[in-house]
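*Asks:* Got a structure for you, my_file37.tsv, holding TSV, C-alpha atoms.
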```tsv
chain	number	residue	atom	x	y	z
A	1	MET	CA	4.24	115.15	-38.56
A	2	MET	CA	0.90	113.82	-37.28
A	3	ILE	CA	0.28	111.92	-40.56
A	4	MET	CA	3.70	110.29	-40.35
A	5	ALA	CA	3.05	109.27	-36.73
A	6	ASN	CA	-0.31	107.74	-37.72
A	7	LYS	CA	1.32	105.79	-40.56
A	8	LEU	CA	4.05	104.50	-38.27
A	9	TYR	CA	1.40	103.52	-35.74
A	10	LEU	CA	-0.42	101.56	-38.47
A	11	VAL	CA	2.77	99.67	-39.33
A	12	ALA	CA	3.42	98.92	-35.65
A	13	VAL	CA	-0.14	97.61	-35.22
A	14	LEU	CA	0.15	95.40	-38.31
A	15	VAL	CA	3.51	93.99	-37.21
A	16	ALA	CA	2.25	93.35	-33.66
A	17	SER	CA	-0.92	91.71	-34.99
A	18	TYR	CA	1.07	89.43	-37.27
A	19	ALA	CA	3.45	88.50	-34.46
A	20	ALA	CA	0.55	87.54	-32.21
A	21	LEU	CA	-1.24	85.57	-34.93
A	22	SER	CA	1.83	83.89	-36.35
A	23	SER	CA	2.75	82.53	-32.93
A	24	ALA	CA	-0.47	80.50	-32.89
A	25	ARG	CA	0.28	76.79	-33.03
A	26	THR	CA	-1.60	73.67	-34.01
A	27	PHE	CA	-1.24	70.67	-31.73
A	28	THR	CA	-2.13	67.25	-33.09
A	29	VAL	CA	-3.72	65.60	-30.06
A	30	GLY	CA	-1.87	62.35	-29.36
A	31	ASP	CA	0.81	63.30	-31.92
A	32	ASP	CA	1.25	60.54	-34.54
A	33	GLN	CA	-1.21	58.22	-32.78
A	34	GLY	CA	-4.04	60.75	-32.80
A	35	TRP	CA	-7.18	60.66	-30.64
A	36	MET	CA	-7.60	57.04	-29.60
A	37	SER	CA	-7.87	54.81	-26.56
A	38	GLY	CA	-4.71	53.63	-24.83
A	39	ILE	CA	-2.94	57.01	-24.77
A	40	ASP	CA	-2.17	58.91	-21.57
A	41	TYR	CA	-3.38	62.40	-22.54
A	42	THR	CA	-2.26	63.85	-19.20
A	43	ASP	CA	1.25	62.75	-20.15
A	44	TRP	CA	0.73	64.11	-23.67
A	45	THR	CA	-0.01	67.63	-22.35
A	46	SER	CA	2.99	67.54	-20.00
A	47	GLY	CA	5.61	70.08	-21.07
A	48	LYS	CA	3.30	71.77	-23.57
A	49	THR	CA	2.06	75.32	-23.21
A	50	PHE	CA	-1.30	76.11	-24.79
A	51	ALA	CA	-2.18	79.74	-25.49
A	52	VAL	CA	-5.11	81.72	-26.82
A	53	GLY	CA	-5.16	81.33	-30.60
A	54	ASP	CA	-3.64	77.85	-30.61
A	55	LYS	CA	-5.59	74.98	-32.17
A	56	LEU	CA	-6.12	71.37	-31.18
A	57	LEU	CA	-6.39	68.93	-34.06
A	58	PHE	CA	-8.13	65.67	-33.22
A	59	SER	CA	-7.63	62.93	-35.83
A	60	TYR	CA	-9.56	59.69	-35.23
A	61	GLY	CA	-11.70	56.96	-36.70
A	62	SER	CA	-15.14	58.55	-37.02
A	63	GLN	CA	-16.95	55.26	-36.54
A	64	TYR	CA	-15.06	54.57	-33.29
A	65	HIS	CA	-14.66	57.87	-31.44
A	66	THR	CA	-16.08	61.33	-30.78
A	67	VAL	CA	-14.61	64.61	-29.64
A	68	THR	CA	-17.05	65.90	-27.08
A	69	GLU	CA	-16.32	69.12	-25.21
A	70	VAL	CA	-17.76	69.00	-21.72
A	71	SER	CA	-17.74	70.93	-18.46
A	72	LYS	CA	-15.31	70.13	-15.67
A	73	SER	CA	-18.01	68.00	-14.06
A	74	GLY	CA	-18.65	66.12	-17.32
A	75	TYR	CA	-14.91	65.49	-17.63
A	76	TYR	CA	-14.59	63.95	-14.16
A	77	THR	CA	-17.80	61.92	-14.44
A	78	CYS	CA	-17.19	60.99	-18.12
A	79	SER	CA	-20.61	62.31	-19.04
A	80	GLY	CA	-21.38	63.97	-22.34
A	81	SER	CA	-25.06	64.48	-21.51
A	82	ASP	CA	-24.61	68.27	-21.25
A	83	ALA	CA	-21.97	68.54	-23.99
A	84	LEU	CA	-20.78	71.97	-25.08
A	85	SER	CA	-20.01	70.48	-28.51
A	86	ASP	CA	-19.85	67.03	-30.04
A	87	ASP	CA	-18.21	65.87	-33.27
A	88	SER	CA	-17.69	62.46	-34.82
A	89	SER	CA	-16.37	63.51	-38.25
A	90	GLY	CA	-12.91	61.97	-37.73
A	91	TRP	CA	-11.18	65.35	-38.04
A	92	THR	CA	-11.99	67.97	-35.39
A	93	VAL	CA	-10.18	71.29	-35.03
A	94	VAL	CA	-10.75	73.31	-31.86
A	95	THR	CA	-9.44	76.87	-31.60
A	96	LEU	CA	-8.49	77.88	-28.06
A	97	THR	CA	-10.21	81.26	-27.89
A	98	ALA	CA	-9.89	82.26	-24.23
A	99	PRO	CA	-7.73	81.52	-21.20
A	100	GLY	CA	-8.94	78.81	-18.85
A	101	THR	CA	-9.33	75.06	-18.89
A	102	ARG	CA	-11.09	73.16	-21.68
A	103	TYR	CA	-12.28	69.57	-21.27
A	104	PHE	CA	-12.74	66.91	-23.97
A	105	ILE	CA	-13.87	63.30	-23.79
A	106	CYS	CA	-14.69	60.49	-26.16
A	107	ASN	CA	-18.40	59.97	-25.61
A	108	ILE	CA	-18.44	56.33	-26.76
A	109	PRO	CA	-19.43	54.26	-23.68
A	110	GLY	CA	-16.44	53.04	-21.68
A	111	LEU	CA	-13.72	54.95	-23.54
A	112	CYS	CA	-13.59	58.08	-21.36
A	113	SER	CA	-13.55	56.03	-18.18
A	114	SER	CA	-10.62	54.05	-19.59
A	115	GLY	CA	-8.67	57.29	-20.08
A	116	MET	CA	-9.76	58.78	-23.39
A	117	LYS	CA	-10.16	62.31	-22.13
A	118	LEU	CA	-8.16	65.50	-22.40
A	119	SER	CA	-7.91	68.54	-20.17
A	120	VAL	CA	-6.07	71.57	-21.60
A	121	THR	CA	-5.19	74.69	-19.64
A	122	VAL	CA	-5.04	77.71	-21.94
A	123	ALA	CA	-2.80	80.62	-20.97
A	124	GLU	CA	-2.93	84.15	-22.33
A	125	SER	CA	-1.03	84.34	-25.60
A	126	GLY	CA	2.58	85.23	-25.10
A	127	PRO	CA	6.11	83.95	-25.25
A	128	VAL	CA	6.82	80.28	-24.78
A	129	PRO	CA	8.49	79.51	-21.44
A	130	SER	CA	11.99	78.10	-21.62
A	131	GLY	CA	11.96	74.33	-22.10
A	132	ALA	CA	8.29	74.19	-23.14
A	133	THR	CA	7.07	73.18	-26.57
A	134	ARG	CA	4.30	74.89	-28.49
A	135	GLY	CA	3.56	72.50	-31.35
A	136	THR	CA	3.79	73.04	-35.08
A	137	LEU	CA	3.72	76.54	-36.48
A	138	VAL	CA	0.75	77.19	-38.74
A	139	PRO	CA	0.71	80.41	-40.78
A	140	ALA	CA	-2.18	82.50	-39.53
A	141	MET	CA	-2.24	85.16	-42.25
A	142	GLY	CA	-1.55	85.54	-45.95
A	143	SER	CA	1.97	85.61	-47.27
A	144	VAL	CA	2.37	89.39	-47.54
A	145	VAL	CA	1.08	92.44	-45.67
A	146	VAL	CA	1.48	95.87	-47.27
A	147	ALA	CA	1.36	99.04	-45.17
A	148	VAL	CA	1.97	102.72	-45.87
A	149	ALA	CA	4.68	104.34	-43.80
A	150	THR	CA	6.31	107.73	-44.27
A	151	GLY	CA	4.90	108.01	-47.78
A	152	ALA	CA	6.41	104.76	-49.09
A	153	LEU	CA	5.03	101.25	-49.39
A	154	VAL	CA	6.58	98.83	-46.96
A	155	LYS	CA	6.26	95.11	-47.68
A	156	LEU	CA	6.38	92.75	-44.77
A	157	ALA	CA	7.03	89.24	-46.01
A	158	LEU	CA	5.47	86.66	-43.71
A	159	PHE	CA	6.85	83.14	-43.90
```
So that I can check it, write out the structure of this file as structure tokens.

*Replies:*
Amino acid sequence: MMIMANKLYLVAVLVASYAALSSARTFTVGDDQGWMSGIDYTDWTSGKTFAVGDKLLFSYGSQYHTVTEVSKSGYYTCSGSDALSDDSSGWTVVTLTAPGTRYFICNIPGLCSSGMKLSVTVAESGPVPSGATRGTLVPAMGSVVVAVATGALVKLALF
């Protein structure tokens, strides 16, 4: 009986882990326009819920912009001098790994002060509140997980 309980526990853990990981979303910052000047990023975040495990995808012209993660102070002063990270590749993916607020600016002179900055509040992972959007689903695991339960193989197809 103890072996069967352990096997059932393993299946429950695998299913719960997949559910948590598969709910992770990828948000393309600025949607179709991407990371560029002239977009109200405060408006862009409105109505969206960001959770631990979600990703932010910044798509931009590498010769024109940067994605610079800064402190709260750096965000409000538009200063990247003490940047937590800085990228100018044109394609930056940031995984939201912990609850709290993350701050991003474009560190090209004048662009942050003209509004090219993003503040994202990350909630614990969990269900999406009614009426909120969570972005595009991105598979977080392989297509199939196999677990042993009650002496038989159980296939969990993950789409």

*Asks:* CA of Ile105 (chain A) and CA of Lys117 (chain A), how far apart in Å?

*Replies:*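 A separation of 4.2 Å between them.
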
*Asks:* Go ahead and compute the interatomic distance for CA of Ser88 (chain A) and CA of Val67 (chain A), in Å to one decimal.

*Replies:*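 That distance, rounded to one decimal, is 6.4 Å.
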
*Asks:* Calculated over all atoms listed in the file, which of the candidates A:Gln33, A:Tyr76, A:Thr28, A:Val52 has the smallest distance to Gly115 (chain A)?

*Replies:* A:Tyr76

*Asks:* Measure the distance from CA of Thr49 (chain A) to CA of Ser79 (chain A) in Å and round it to one decimal.

*Replies:*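 So the answer is 26.5 Å.
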
*Asks:* Show which residues sit within 9 Å of Asp87 (chain A), as a ChimeraX atom specification. Count only C-alpha atoms, and ignore same-chain residues fewer than 3 positions away.

*Replies:* /A:62,65-69,90-92

*Asks:* Hey, which of A:Arg25, A:Asp43, A:Trp35, A:Phe104 ends up closest to Thr77 (chain A)? Count all atoms listed in the file.

*Replies:*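 When distances to Thr77 (chain A) are compared using all atoms listed in the file, the smallest one comes from A:Phe104.
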
*Asks:* Go through A:Asp86, A:Gly38, A:Lys72, A:Gln63 and flag the residue nearest Asn107 (chain A), using all atoms listed in the file for the distances.

*Replies:*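 The answer is A:Asp86, which sits nearest to Asn107 (chain A).
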
*Asks:* Restricting the calculation to only C-alpha atoms: of A:Ser71, A:Thr95, A:Ser23, A:Ser113, which residue gets closest to Lys55 (chain A)?

*Replies:*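 Among the listed residues, A:Thr95 lies closest to Lys55 (chain A).
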
*Asks:* Which residues come within 6 Å of Thr101 (chain A), counting all atoms listed in the file, excluding same-chain residues fewer than 2 positions away, as a ChimeraX atom specification?

*Replies:* /A:120-122
